[in-house]
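Everything below belongs to target25.cif, which stores mmCIF, C-alpha atoms.
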```cif
data_coords
loop_
_atom_site.label_atom_id
_atom_site.label_comp_id
_atom_site.auth_asym_id
_atom_site.auth_seq_id
_atom_site.Cartn_x
_atom_site.Cartn_y
_atom_site.Cartn_z
CA MET D 164 7.32 3.30 -16.54
CA PHE D 165 7.42 6.42 -14.35
CA PHE D 166 7.04 6.30 -10.59
CA PRO D 167 5.18 9.42 -9.37
CA PRO D 168 7.01 11.32 -6.65
CA ARG D 169 5.79 10.79 -3.14
CA LEU D 170 5.10 13.70 -0.87
CA VAL D 171 7.87 14.64 1.51
CA THR D 172 6.45 14.60 5.00
CA ALA D 173 7.55 16.54 8.02
CA THR D 174 9.39 13.50 9.34
CA THR D 175 11.60 13.54 6.27
CA ALA D 176 12.88 16.91 7.35
CA VAL D 177 13.82 15.80 10.86
CA VAL D 178 17.61 15.56 10.45
CA VAL D 179 20.69 16.39 12.38
CA MET D 180 21.80 19.76 11.02
CA ALA D 181 25.41 19.65 10.01
CA ALA D 182 27.58 22.74 10.08
CA GLY D 183 26.77 25.15 7.30
CA PHE D 184 23.49 23.41 6.42
CA VAL D 185 21.05 25.84 4.85
CA ALA D 186 17.75 24.76 6.41
CA ALA D 187 15.85 27.34 4.38
CA ASP D 188 16.81 25.66 1.09
CA TRP D 189 15.80 22.23 2.35
CA ASN D 190 12.45 23.43 3.63
CA ALA D 191 11.73 25.47 0.50
CA GLY D 192 12.69 22.55 -1.73
CA ARG D 193 10.49 20.19 0.27
CA ASP D 194 7.48 22.51 -0.01
CA LEU D 195 7.96 23.01 -3.75
CA PHE D 196 8.39 19.28 -4.31
CA ASN D 197 5.09 18.62 -2.57
CA GLN D 198 3.49 21.13 -4.96
CA GLU D 199 5.08 19.24 -7.89
CA ARG D 200 7.09 22.34 -8.86
CA PHE D 201 10.11 20.15 -9.49
CA ASP D 202 12.31 22.59 -11.42
CA GLU D 203 12.10 25.17 -8.64
CA ALA D 204 12.55 22.53 -5.95
CA ALA D 205 15.67 21.22 -7.68
CA VAL D 206 17.35 24.63 -7.40
CA HIS D 207 16.97 24.55 -3.62
CA PHE D 208 18.14 20.95 -3.31
CA GLN D 209 21.22 21.80 -5.41
CA GLU D 210 22.03 24.47 -2.85
CA THR D 211 21.40 21.92 -0.10
CA VAL D 212 23.98 19.45 -1.46
CA LYS D 213 26.49 22.26 -2.01
CA SER D 214 26.17 23.19 1.66
CA ASN D 215 26.18 19.56 2.85
CA PRO D 216 27.93 17.43 0.21
CA ASN D 217 28.06 14.40 2.56
CA TRP D 218 24.37 14.32 3.44
CA PRO D 219 22.57 11.59 1.39
CA SER D 220 19.03 12.94 1.79
CA GLY D 221 19.85 16.07 -0.15
CA TYR D 222 20.97 13.98 -3.13
CA VAL D 223 17.91 11.75 -2.83
CA MET D 224 15.54 14.71 -3.13
CA LEU D 225 17.56 16.31 -5.91
CA GLY D 226 17.50 13.01 -7.79
CA ARG D 227 13.75 12.66 -7.35
CA CYS D 228 13.23 16.13 -8.80
CA GLN D 229 15.49 15.33 -11.75
CA LEU D 230 13.67 12.05 -12.30
CA ALA D 231 10.32 13.85 -12.34
CA MET D 232 11.72 16.25 -14.95
CA LYS D 233 12.98 13.26 -16.99
CA GLN D 234 16.61 14.29 -16.53
CA TYR D 235 17.52 10.64 -16.20
CA ASP D 236 21.33 10.79 -16.34
CA GLU D 237 21.45 13.57 -13.77
CA ALA D 238 18.95 11.75 -11.57
CA LEU D 239 20.98 8.55 -11.57
CA GLU D 240 24.14 10.46 -10.70
CA SER D 241 22.45 12.15 -7.73
CA LEU D 242 20.81 8.99 -6.47
CA ARG D 243 23.99 6.92 -6.83
CA THR D 244 25.83 9.55 -4.81
CA ALA D 245 23.30 9.06 -2.00
CA VAL D 246 23.89 5.30 -2.06
CA VAL D 247 27.66 5.73 -1.99
CA LEU D 248 27.38 8.04 1.00
CA ASP D 249 25.17 5.60 2.92
CA PRO D 250 24.77 2.20 1.24
CA ASP D 251 23.08 0.69 4.33
CA ASP D 252 20.12 3.08 4.33
CA PRO D 253 17.31 1.27 2.46
CA THR D 254 15.72 4.60 1.49
CA ASN D 255 18.70 5.51 -0.67
CA VAL D 256 18.86 2.10 -2.32
CA VAL D 257 15.11 1.80 -2.91
CA VAL D 258 14.78 5.25 -4.48
CA LEU D 259 17.65 4.47 -6.86
CA GLY D 260 16.11 1.07 -7.55
CA ARG D 261 12.78 2.67 -8.45
CA ALA D 262 14.53 5.13 -10.73
CA LEU D 263 16.28 2.31 -12.59
CA MET D 264 12.97 0.43 -12.94
CA SER D 265 11.32 3.55 -14.35
CA MET D 266 13.99 3.51 -17.07
CA ASP D 267 13.35 -0.19 -17.82
CA ARG D 268 16.69 -1.17 -16.31
CA GLN D 269 15.25 -3.94 -14.16
CA THR D 270 18.35 -6.09 -14.01
CA GLU D 271 20.44 -3.23 -12.62
CA SER D 272 17.71 -2.44 -10.12
CA ARG D 273 17.47 -6.06 -8.96
CA GLU D 274 21.22 -6.40 -8.56
CA LEU D 275 21.32 -3.19 -6.54
CA LEU D 276 18.52 -4.38 -4.25
CA GLU D 277 20.16 -7.77 -3.77
CA GLU D 278 23.19 -6.02 -2.27
CA LEU D 279 21.11 -4.77 0.66
CA ALA D 280 21.57 -6.57 3.96
CA VAL D 281 17.90 -7.56 4.05
CA GLU D 282 18.17 -9.44 7.35
CA ASP D 283 18.89 -6.14 9.12
CA LEU D 284 15.80 -4.38 7.72
CA SER D 285 12.39 -3.91 9.31
CA LEU D 286 9.48 -6.02 8.06
CA ASP D 287 8.15 -3.01 6.16
CA TRP D 288 11.40 -2.55 4.30
CA LYS D 289 11.82 -6.26 3.71
CA ALA D 290 8.38 -6.37 2.09
CA GLU D 291 9.05 -3.34 -0.09
CA VAL D 292 12.42 -4.62 -1.26
CA ALA D 293 10.95 -8.06 -1.99
CA ARG D 294 8.08 -6.52 -3.96
CA MET D 295 10.52 -4.48 -6.06
CA ARG D 296 12.78 -7.46 -6.67
CA VAL D 297 9.76 -9.49 -7.77
CA ASN D 298 8.78 -6.80 -10.28
CA CYS D 299 12.29 -6.95 -11.70
CA LEU D 300 12.31 -10.74 -11.86
CA LEU D 301 8.98 -10.79 -13.68
CA GLU D 302 10.30 -8.30 -16.22
CA GLU D 303 13.22 -10.68 -16.74
CA ASP D 304 10.78 -13.62 -17.21
CA ARG D 305 12.10 -15.29 -14.07
CA VAL D 306 8.66 -16.17 -12.78
CA ALA D 307 9.68 -19.19 -10.69
CA ASP D 308 12.32 -17.12 -8.90
CA ALA D 309 9.74 -14.43 -8.18
CA VAL D 310 7.31 -16.96 -6.69
CA ALA D 311 10.07 -18.53 -4.58
CA LEU D 312 11.15 -15.14 -3.25
CA LEU D 313 7.60 -14.25 -2.24
CA GLU D 314 7.01 -17.65 -0.62
CA GLN D 315 10.09 -17.08 1.52
CA ARG D 316 9.00 -13.56 2.44
CA LEU D 317 5.41 -14.62 3.21
CA SER D 318 6.62 -17.38 5.51
CA ASP D 319 7.99 -14.63 7.79
CA ASP D 320 5.32 -12.02 7.10
CA PRO D 321 2.07 -13.83 6.18
CA GLU D 322 -0.32 -11.00 7.08
CA ARG D 323 1.06 -8.39 4.67
CA ALA D 324 -1.45 -7.64 1.91
CA ALA D 325 1.16 -6.08 -0.39
CA LEU D 326 3.03 -9.38 -0.56
CA HIS D 327 -0.15 -11.28 -1.42
CA ARG D 328 -0.86 -8.76 -4.20
CA ALA D 329 2.64 -9.28 -5.53
CA MET D 330 2.15 -13.04 -5.34
CA ALA D 331 -1.08 -12.70 -7.34
CA THR D 332 0.89 -10.97 -10.09
CA ALA D 333 3.54 -13.69 -10.01
CA HIS D 334 1.00 -16.53 -10.04
CA LYS D 335 -0.86 -14.92 -12.92
CA ALA D 336 2.42 -14.63 -14.84
CA SER D 337 3.04 -18.32 -14.20
CA GLY D 338 -0.38 -19.21 -15.63
CA ASP D 339 -1.87 -20.20 -12.27
CA ALA D 340 -4.90 -17.91 -12.28
CA ALA D 341 -6.67 -19.96 -9.60
CA ALA D 342 -3.82 -19.31 -7.16
CA ALA D 343 -3.90 -15.64 -8.15
CA VAL D 344 -7.57 -15.50 -7.12
CA ASP D 345 -6.60 -16.91 -3.72
CA ASP D 346 -3.87 -14.29 -3.38
CA LEU D 347 -6.15 -11.40 -4.30
CA ASP D 348 -8.88 -12.64 -1.99
CA ARG D 349 -6.35 -12.86 0.84
CA ALA D 350 -5.10 -9.33 0.15
CA PHE D 351 -8.66 -8.01 0.18
CA THR D 352 -9.41 -9.88 3.42
CA LEU D 353 -6.34 -8.40 5.10
CA GLU D 354 -7.06 -4.90 3.78
CA PRO D 355 -10.82 -4.41 3.22
CA ASP D 356 -10.05 -0.96 1.80
CA ASP D 357 -8.13 -2.66 -1.02
CA HIS D 358 -11.15 -2.68 -3.32
CA ALA D 359 -8.99 -3.17 -6.41
CA SER D 360 -7.89 -6.61 -5.20
CA GLY D 361 -11.50 -7.54 -4.43
CA ARG D 362 -12.64 -6.50 -7.91
CA ALA D 363 -9.75 -8.32 -9.54
CA ALA D 364 -10.48 -11.51 -7.59
CA VAL D 365 -14.12 -11.48 -8.71
CA SER D 366 -13.34 -10.77 -12.36
CA MET D 367 -10.59 -13.37 -12.52
CA ALA D 368 -12.77 -16.05 -10.90
CA LEU D 369 -15.57 -15.36 -13.40
CA ARG D 370 -13.12 -15.61 -16.31
CA LEU D 371 -11.87 -18.93 -14.96
CA ALA D 372 -15.45 -20.21 -14.80
CA ASP D 373 -16.04 -19.20 -18.42
CA SER D 374 -12.81 -20.84 -19.57
CA THR D 375 -13.42 -24.37 -18.26
CA ASP D 376 -15.60 -27.16 -19.64
CA ASP D 377 -15.78 -28.76 -16.19
CA GLY D 378 -19.23 -27.78 -14.91
CA GLU D 379 -18.44 -28.57 -11.27
CA LEU D 380 -15.23 -26.54 -11.37
CA ALA D 381 -16.99 -23.65 -13.10
CA ALA D 382 -19.62 -23.66 -10.34
CA GLN D 383 -16.87 -23.49 -7.72
CA TYR D 384 -15.26 -20.51 -9.42
CA ARG D 385 -18.59 -18.71 -9.73
CA GLY D 386 -19.38 -19.43 -6.09
CA ARG D 387 -16.00 -18.01 -5.10
CA ALA D 388 -16.60 -14.91 -7.23
CA LEU D 389 -19.98 -14.40 -5.60
CA GLU D 390 -18.59 -14.75 -2.08
CA VAL D 391 -15.95 -12.07 -2.69
CA ALA D 392 -18.35 -9.84 -4.62
CA ASN D 393 -20.89 -9.95 -1.80
CA ARG D 394 -18.21 -8.85 0.67
CA LEU D 395 -17.02 -6.11 -1.65
CA ALA D 396 -20.51 -4.70 -2.23
CA THR D 397 -21.20 -4.83 1.51
CA VAL D 398 -17.94 -3.21 2.61
CA ALA D 399 -17.94 -0.62 -0.18
CA PRO D 400 -21.49 -0.28 -1.58
CA GLU D 401 -20.47 1.73 -4.62
CA PHE D 402 -22.55 1.44 -7.77
CA ASP D 403 -19.92 -0.53 -9.71
CA HIS D 404 -19.40 -2.95 -6.81
CA ILE D 405 -23.15 -3.54 -6.51
CA LEU D 406 -23.34 -4.28 -10.23
CA LEU D 407 -20.41 -6.68 -9.97
CA ALA D 408 -22.14 -8.52 -7.11
CA GLY D 409 -25.31 -8.75 -9.21
CA GLN D 410 -23.37 -10.10 -12.17
CA ALA D 411 -21.54 -12.67 -10.02
CA ALA D 412 -24.82 -13.80 -8.43
CA PHE D 413 -26.55 -14.13 -11.80
CA GLU D 414 -23.70 -16.19 -13.25
CA ALA D 415 -23.72 -18.39 -10.13
CA GLY D 416 -27.43 -19.04 -10.65
CA ARG D 417 -28.35 -17.19 -7.44
CA PHE D 418 -31.10 -15.17 -9.07
CA ASP D 419 -32.65 -14.03 -5.80
CA THR D 420 -29.32 -12.51 -4.74
CA ALA D 421 -28.81 -11.07 -8.21
CA ALA D 422 -32.26 -9.43 -8.09
CA HIS D 423 -31.42 -7.95 -4.67
CA TRP D 424 -28.21 -6.32 -5.90
CA PHE D 425 -29.68 -5.12 -9.18
CA GLU D 426 -32.70 -3.66 -7.37
CA THR D 427 -30.28 -1.80 -5.10
CA ALA D 428 -28.43 -0.52 -8.17
CA VAL D 429 -31.66 0.62 -9.84
CA LYS D 430 -32.61 2.59 -6.74
CA SER D 431 -29.23 4.29 -6.89
CA ARG D 432 -29.38 5.08 -10.62
CA PRO D 433 -32.92 4.63 -11.94
CA GLN D 434 -32.04 6.00 -15.38
CA GLU D 435 -29.43 3.31 -16.15
CA PRO D 436 -31.10 1.09 -18.81
CA GLN D 437 -28.48 -1.68 -18.57
CA THR D 438 -29.13 -2.09 -14.84
CA ARG D 439 -32.87 -2.40 -15.37
CA TYR D 440 -32.24 -4.96 -18.11
CA ASP D 441 -30.03 -6.99 -15.77
CA LEU D 442 -32.68 -6.78 -13.06
CA ALA D 443 -35.35 -7.92 -15.52
CA ARG D 444 -33.33 -10.99 -16.48
CA SER D 445 -32.97 -11.92 -12.81
CA LEU D 446 -36.69 -11.47 -12.18
CA ALA D 447 -37.56 -13.54 -15.25
CA ALA D 448 -35.30 -16.32 -13.97
CA LEU D 449 -37.37 -16.24 -10.76
CA ASP D 450 -40.59 -16.56 -12.83
CA ARG D 451 -41.56 -13.02 -11.87
CA ASN D 452 -42.51 -12.24 -15.45
CA ASP D 453 -44.82 -9.31 -14.74
CA ASP D 454 -42.11 -7.53 -12.74
CA ALA D 455 -39.55 -8.34 -15.42
CA ILE D 456 -41.76 -6.91 -18.15
CA THR D 457 -42.23 -3.73 -16.10
CA GLU D 458 -38.46 -3.31 -15.72
CA LEU D 459 -37.84 -3.93 -19.41
CA ARG D 460 -40.37 -1.30 -20.39
CA SER D 461 -38.72 1.13 -17.98
CA ALA D 462 -35.35 0.27 -19.54
CA LEU D 463 -36.71 1.16 -22.97
CA GLY D 464 -37.82 4.50 -21.58
CA ALA D 465 -34.32 5.24 -20.28
CA SER D 466 -32.79 5.79 -23.76
CA PRO D 467 -30.70 2.63 -24.22
CA ASP D 468 -28.22 2.45 -27.09
CA ASP D 469 -29.24 0.56 -30.21
CA GLU D 470 -27.66 -2.76 -29.23
CA LEU D 471 -29.14 -2.77 -25.74
CA ALA D 472 -32.53 -1.70 -27.13
CA ARG D 473 -32.50 -4.74 -29.45
CA ARG D 474 -31.80 -7.03 -26.51
CA ILE D 475 -34.55 -5.43 -24.43
CA HIS D 476 -37.10 -5.79 -27.26
CA SER D 477 -36.05 -9.41 -27.79
CA GLN D 478 -36.43 -10.21 -24.08
CA LEU D 479 -39.82 -8.50 -24.02
CA GLY D 480 -40.87 -10.54 -27.01
CA HIS D 481 -39.88 -13.73 -25.22
CA LEU D 482 -41.65 -12.88 -21.96
CA LEU D 483 -44.80 -11.59 -23.63
CA THR D 484 -44.95 -14.76 -25.71
CA SER D 485 -44.83 -16.84 -22.54
CA GLU D 486 -47.71 -14.73 -21.22
CA LEU D 487 -49.51 -15.30 -24.57
CA GLU D 488 -49.65 -11.56 -25.25
CA LEU D 489 -48.82 -12.47 -28.81
CA SER D 490 -49.57 -9.22 -30.66
CA ALA D 491 -47.33 -7.25 -28.29
CA ALA D 492 -44.69 -9.98 -28.46
CA ALA D 493 -44.61 -9.83 -32.26
CA ARG D 494 -44.27 -6.06 -32.14
CA HIS D 495 -41.22 -6.26 -29.88
CA TYR D 496 -39.63 -9.01 -31.95
CA ARG D 497 -39.92 -6.76 -34.99
CA ALA D 498 -38.31 -3.90 -33.06
CA ALA D 499 -35.48 -6.29 -32.19
CA GLY D 500 -34.98 -7.05 -35.89
CA ARG D 501 -36.26 -10.63 -35.53
CA THR D 502 -38.81 -10.43 -38.32
CA GLU D 503 -39.06 -14.18 -38.91
CA ARG D 504 -39.89 -14.78 -35.25
CA ALA D 505 -42.49 -11.98 -35.33
CA GLU D 506 -44.21 -13.55 -38.35
CA GLN D 507 -44.29 -16.92 -36.59
CA ILE D 508 -45.93 -15.32 -33.56
CA ASP D 509 -48.47 -13.50 -35.75
CA GLU D 510 -49.41 -16.76 -37.46
CA VAL D 511 -49.98 -18.50 -34.13
CA ALA D 512 -51.89 -15.51 -32.74
CA ALA D 513 -54.30 -15.57 -35.70
CA GLY D 514 -55.07 -19.23 -35.12
CA PHE D 515 -55.69 -18.82 -31.40
CA ALA D 516 -57.37 -15.42 -31.34
CA GLN D 517 -60.80 -16.93 -30.64
CA ALA D 518 -59.42 -19.14 -27.88
CA LEU D 519 -57.72 -16.17 -26.23
CA GLU D 520 -60.88 -14.07 -26.44
CA ARG D 521 -62.94 -16.94 -24.98
CA LEU D 522 -60.41 -17.40 -22.16
CA THR D 523 -60.59 -13.70 -21.26
CA ALA D 524 -64.40 -13.78 -21.30
CA LEU D 525 -64.52 -16.88 -19.11
CA ARG D 526 -62.13 -15.41 -16.57
CA ASN D 527 -64.19 -12.23 -16.35
CA SER D 528 -67.39 -14.28 -16.00
CA THR D 529 -66.02 -16.42 -13.17
CA VAL D 530 -65.09 -13.28 -11.27
CA GLU D 531 -68.60 -11.90 -11.68
CA LEU D 532 -70.15 -15.23 -10.65
CA ALA D 533 -68.00 -15.36 -7.53
CA GLN D 534 -69.24 -11.89 -6.56
CA MET D 535 -72.85 -12.93 -7.18
CA GLU D 536 -72.37 -16.06 -5.06
CA ALA D 537 -71.13 -13.94 -2.20
CA GLU D 538 -74.19 -11.70 -2.42
CA LEU D 539 -76.65 -14.64 -2.50
CA GLU D 540 -74.87 -16.29 0.38
CA SER D 541 -75.30 -13.11 2.42
CA PHE D 542 -79.06 -13.35 1.74
CA GLY D 543 -79.11 -17.02 2.78
CA ASP D 544 -80.08 -18.24 -0.74
CA ALA D 545 -78.42 -21.65 -0.66
CA LYS D 546 -80.07 -22.89 -3.88
CA GLY D 547 -78.97 -19.81 -5.78
CA VAL D 548 -75.42 -20.19 -4.48
CA ALA D 549 -75.36 -23.86 -5.55
CA ALA D 550 -76.63 -23.03 -9.03
CA LEU D 551 -74.01 -20.33 -9.55
CA ALA D 552 -71.32 -22.60 -8.18
CA ASP D 553 -72.25 -25.26 -10.76
CA ARG D 554 -72.07 -22.69 -13.57
CA ARG D 555 -68.70 -21.43 -12.31
CA ALA D 556 -67.34 -24.99 -12.06
CA THR D 557 -68.34 -25.62 -15.68
CA MET D 558 -66.54 -22.43 -16.73
CA ASP D 559 -63.48 -23.38 -14.67
CA ARG D 560 -63.28 -26.71 -16.49
CA GLU D 561 -63.42 -24.93 -19.83
CA ILE D 562 -60.73 -22.50 -18.66
CA VAL D 563 -58.49 -25.41 -17.67
CA GLU D 564 -59.01 -27.04 -21.07
CA ILE D 565 -58.22 -23.84 -22.98
CA GLU D 566 -55.21 -23.12 -20.78
CA GLY D 567 -53.96 -26.65 -21.37
CA ASN D 568 -54.13 -26.13 -25.10
CA LEU D 569 -52.49 -22.75 -24.81
CA SER D 570 -49.79 -24.23 -22.57
CA GLU D 571 -48.87 -26.55 -25.40
CA VAL D 572 -48.70 -23.52 -27.66
CA ARG D 573 -46.56 -21.68 -25.13
CA MET D 574 -44.14 -24.59 -24.96
CA ALA D 575 -43.95 -24.82 -28.74
CA LEU D 576 -43.25 -21.10 -29.01
CA SER D 577 -40.52 -21.23 -26.37
CA ARG D 578 -38.48 -23.75 -28.36
#
```
Here is the file; what I need is its structure written in the form of structure tokens.
Amino acid sequence: MFFPPRLVTATTAVVVMAAGFVAADWNAGRDLFNQERFDEAAVHFQETVKSNPNWPSGYVMLGRCQLAMKQYDEALESLRTAVVLDPDDPTNVVVLGRALMSMDRQTESRELLEELAVEDLSLDWKAEVARMRVNCLLEEDRVADAVALLEQRLSDDPERAALHRAMATAHKASGDAAAAVDDLDRAFTLEPDDHASGRAAVSMALRLADSTDDGELAAQYRGRALEVANRLATVAPEFDHILLAGQAAFEAGRFDTAAHWFETAVKSRPQEPQTRYDLARSLAALDRNDDAITELRSALGASPDDELARRIHSQLGHLLTSELELSAAARHYRAAGRTERAEQIDEVAAGFAQALERLTALRNSTVELAQMEAELESFGDAKGVAALADRRATMDREIVEIEGNLSEVRMALSR
């Protein structure tokens, strides 16, 4: 575990210049460190500590360079010197603590941090030290101690997102994923720019829903996931966040919301076949079969991989069957590799071909009769209108009868 070096800011360089201090070496080292030219920076910091052997900051920066170059023994020596020179400065202790953690020496790091007079530190430093101690405790499998430490810290500093993120890690380690969701949600609420916590809260809540046999509890988890996902996609409408909101809505049974998010995603990336497939499933759940079929056909035209193509063909087969477009349905089932289902559809289609043709003819005829009625009515031919209306009513009854029979077929095919 390696902690990347942090940039040295101008404030780091604001120091009281002791006699003989070579400011040029410090400034040059700082600039080179910020460019990640650690070997060159180390040369200047070595000169800095030679000129000012009692100044801790010089050793801190030299140690950070050595750590970045994986010169671990040298880094620890430099950083320990800084702590010896000023053991009350949390910067010196924390940097050494991070170095020890990067070398998987968590126990040493924790013991070092526990020596700090935490009560004298600012809230920022208290939170950072607590977070580091928690990481060490978790590595030592002392989960209960980590949770207790964070509870104590949060009682004094409840609005700090970093502590809630740390608590989420501790709760997850303890097996309390539900509490971890609460922690992540709280962190995201406190820091809306913390998208990672928002995403993690959604994903964890959905996993919890999938892992329980309690339907009511699963619904609660999915509802929670959707609430956070909606906020995330609204605050940061990135493509992945929009997809996550669509997924959470679909799993929560909120198909209208799912369709909204997936439609937004399709507008953003119209050539993503998976997104169109997800949109189609949402539309189908809303009984918008024609729209769903359109999206599925567009998904096929967007070069899906083989597995997704099979799912698209299978879904098309299902929807076209429900619309009694049986020949097309059979064709898609074959493309999905469901040959047995395609043969079943073909067999049914052969037996009902005449009924389907008659239904189409009747529908066309009723449209024509309605137009003729309108024309006769405009001429004031009441008898003609009545005669056509009788014929159309007879056809409508036959349509209802055929559709009733076909409805039974549709239900049988959907089983």
Within 12 Å of D:Val344, counting all atoms listed in the file, which residues show up once you throw out same-chain ones fewer than 5 positions away? Write them as a PyMOL selection string, please. chain D and resi 327-328+330-335+338-339+349-351+360-372+384-385+387-388+391
Evaluate the PyMOL selection byres ((chain D and resi 271) around 12) on the structure here and hand back the selected residues as a list in words. Leu239, Val256, Leu259, Gly260, Arg261, Ala262, Leu263, Met264, Ser265, Met266, Asp267, Arg268, Gln269, Thr270, Ser272, Arg273, Glu274, Leu275, Leu276, Glu277, Glu278, Met295, Arg296, Cys299, Leu300, Glu302 and Glu303 of chain D
Hits of the PyMOL selection byres ((chain D and resi 241) around 7) in this structure, as a PDB file with C-alpha atoms, in the coordinates of the input:
```pdb
ATOM      1  CA  TYR D 222      20.970  13.980  -3.130  1.00  0.00           C
ATOM      2  CA  VAL D 223      17.910  11.750  -2.830  1.00  0.00           C
ATOM      3  CA  LEU D 225      17.560  16.310  -5.910  1.00  0.00           C
ATOM      4  CA  GLY D 226      17.500  13.010  -7.790  1.00  0.00           C
ATOM      5  CA  GLU D 237      21.450  13.570 -13.770  1.00  0.00           C
ATOM      6  CA  ALA D 238      18.950  11.750 -11.570  1.00  0.00           C
ATOM      7  CA  LEU D 239      20.980   8.550 -11.570  1.00  0.00           C
ATOM      8  CA  GLU D 240      24.140  10.460 -10.700  1.00  0.00           C
ATOM      9  CA  LEU D 242      20.810   8.990  -6.470  1.00  0.00           C
ATOM     10  CA  ARG D 243      23.990   6.920  -6.830  1.00  0.00           C
ATOM     11  CA  THR D 244      25.830   9.550  -4.810  1.00  0.00           C
ATOM     12  CA  ALA D 245      23.300   9.060  -2.000  1.00  0.00           C
TER      13      ALA D 245
END
```
Could you tell me which of D:Glu486, D:Asp419, D:Glu390, D:Asp188 comes closest to D:Asn452 if we count only C-alpha atoms? D:Glu486
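With distances restricted to all atoms listed in the file, D:Val206 is the closest residue to D:Arg193 from D:Met232, D:Leu380, D:Val206, D:Leu551.
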Please list as number ranges by chain every residue within 8 Å of D:Thr438, counting all atoms listed in the file and excluding residues in the same chain fewer than 3 positions away. D: 406, 425, 428-429, 435, 441-442
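Across D:Ala186, D:Ala492, D:Leu459, D:Leu479, the tightest approach to D:Val212 is made by D:Ala186 when counting only C-alpha atoms.
Going from atom CA of D:Gly192 to atom CA of D:Ala290 covers 29.5 Å.
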Output the residue selection produced by the PyMOL selection byres ((chain D and resi 249-253) around 8) on the file above, formatted as a PyMOL selection string. chain D and resi 219+245-248+254-257+279-280+284+288
Taken to one decimal, the atom CA of D:Asp450-atom CA of D:Met558 distance is 26.9 Å
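Of the listed residues (D:Asp236, D:Trp189, D:Arg494, D:Asp376), D:Trp189 comes nearest to D:Trp218; the distances count all atoms listed in the file.
Between atom CA of D:Ile456 and atom CA of D:Arg474 there is a distance of 13.0 Å.
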Within 12 Å of D:Arg451, counting only C-alpha atoms, which residues show up once you throw out same-chain ones fewer than 6 positions away? Write them as a list of chain:residue names, please. D:Phe418, D:Asp419, D:Ala422, D:Leu442, D:Ala443, D:Arg444, D:Ser445, D:Thr457, D:Glu458, D:Leu482, D:Ser485, D:Glu486
Which residue out of D:Gln534, D:Ser285, D:Ser477, D:Thr484 has the minimum interatomic distance to D:Arg497 when all atoms listed in the file are used? D:Ser477
